[in-house]
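First up is the structure itself, then whatever we jot down about it.
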Amino acid sequence: MKQVVATLLILMAVPACHSQRGSKSETADFKALHQQLAKDGALYISVSELVARRLLKHGGEDVVIRTGGEARVTGTVLVGFELDKNGDVRCPTAMEGPKLLQESAKSAVAKWKFKPYQLNGQNIAVFTTVHVAVALKPTGGP
């Protein structure tokens with residue numbers, strides 16, 4: 001029976017590509033669920049931003065977008081995504097941050113490349129979040 005429950009929980013815990021994250025309490029509940037899944041032997045877990053950044057092969061820079069107008073907007077966007085077994089980003093989703101900057105942050109993260117995350121010597125898919133600094137600046141400005 002325990003294996004059946006773990007399998008059902010895995011299906012519930014894989015919404016990274018399908019929905020936005022909610023409140024901080026929902027995020028805490030989601031982390032607790034992932035920890036329980038890992039204890040039960042499930043191979044879909046969350047890793048911290050620090051762990052994800054240590055796996056980063058290329059990418060991870062701040063994003064600067066030059067606009068034709070005079071707009072100057074800066075901010076940080078929290079992007080959640082699945083890191084697949086090959087180290088590729090799947091389903092980047094803006095979770096927090098200025099709406100005007102979210103699409104640029106998601107596009108940047110989608111191009112990042114990571115080393116695969118390993119558990120017990122086996123590559124596994126994991127969920128993580130990263131903060132991305134984004135700035136919209138006028139063309140030719142500082």
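How things are named: the first chain in the structure tokens is A, the next is B, and so on; residues count from 1 in each chain; ligands count from 1 in the order shown.
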
I need the residues in range 50-131 of chain A that are helix (DSSP H, G or I) according to DSSP; give them as a PyMOL selection string. chain A and resi 50-55+99-110

When distances are computed from only C-alpha atoms, which of A:Ala108, A:Gly80, A:Thr74, A:Ala133 shows the smallest separation from Ala52 in chain A?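 Comparing A:Ala108, A:Gly80, A:Thr74, A:Ala133 against Ala52 in chain A, the winner is A:Gly80.
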
One-decimal distance in Å that lies between CA of Gln122 in chain A and CA of Asn86 in chain A: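 That distance, rounded to one decimal, is 11.0 Å.
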
Need to verify the contact set: Ala71 in chain A, 10 Å, only C-alpha atoms, exclusion of same-chain residues closer than 3 positions in sequence. Can you return it as a PyMOL selection string? chain A and resi 66-68+74+135-139

Restricting the calculation to only C-alpha atoms, which member of A:Glu82, A:Asp62, A:Asp88, A:Glu70 is positioned closest to Ser104 in chain A?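 The answer is A:Asp62, which sits nearest to Ser104 in chain A.
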
Do you have the CA of Gln118 in chain A-CA of Val79 in chain A distance handy?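 Pair CA of Gln118 in chain A / CA of Val79 in chain A returns 21.7 Å.
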
Hey, which of A:Val73, A:Met95, A:Ser107, A:Leu78 ends up closest to His131 in chain A? Count only C-alpha atoms.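 Answer, going by the shortest atom-to-atom distance: A:Leu78.
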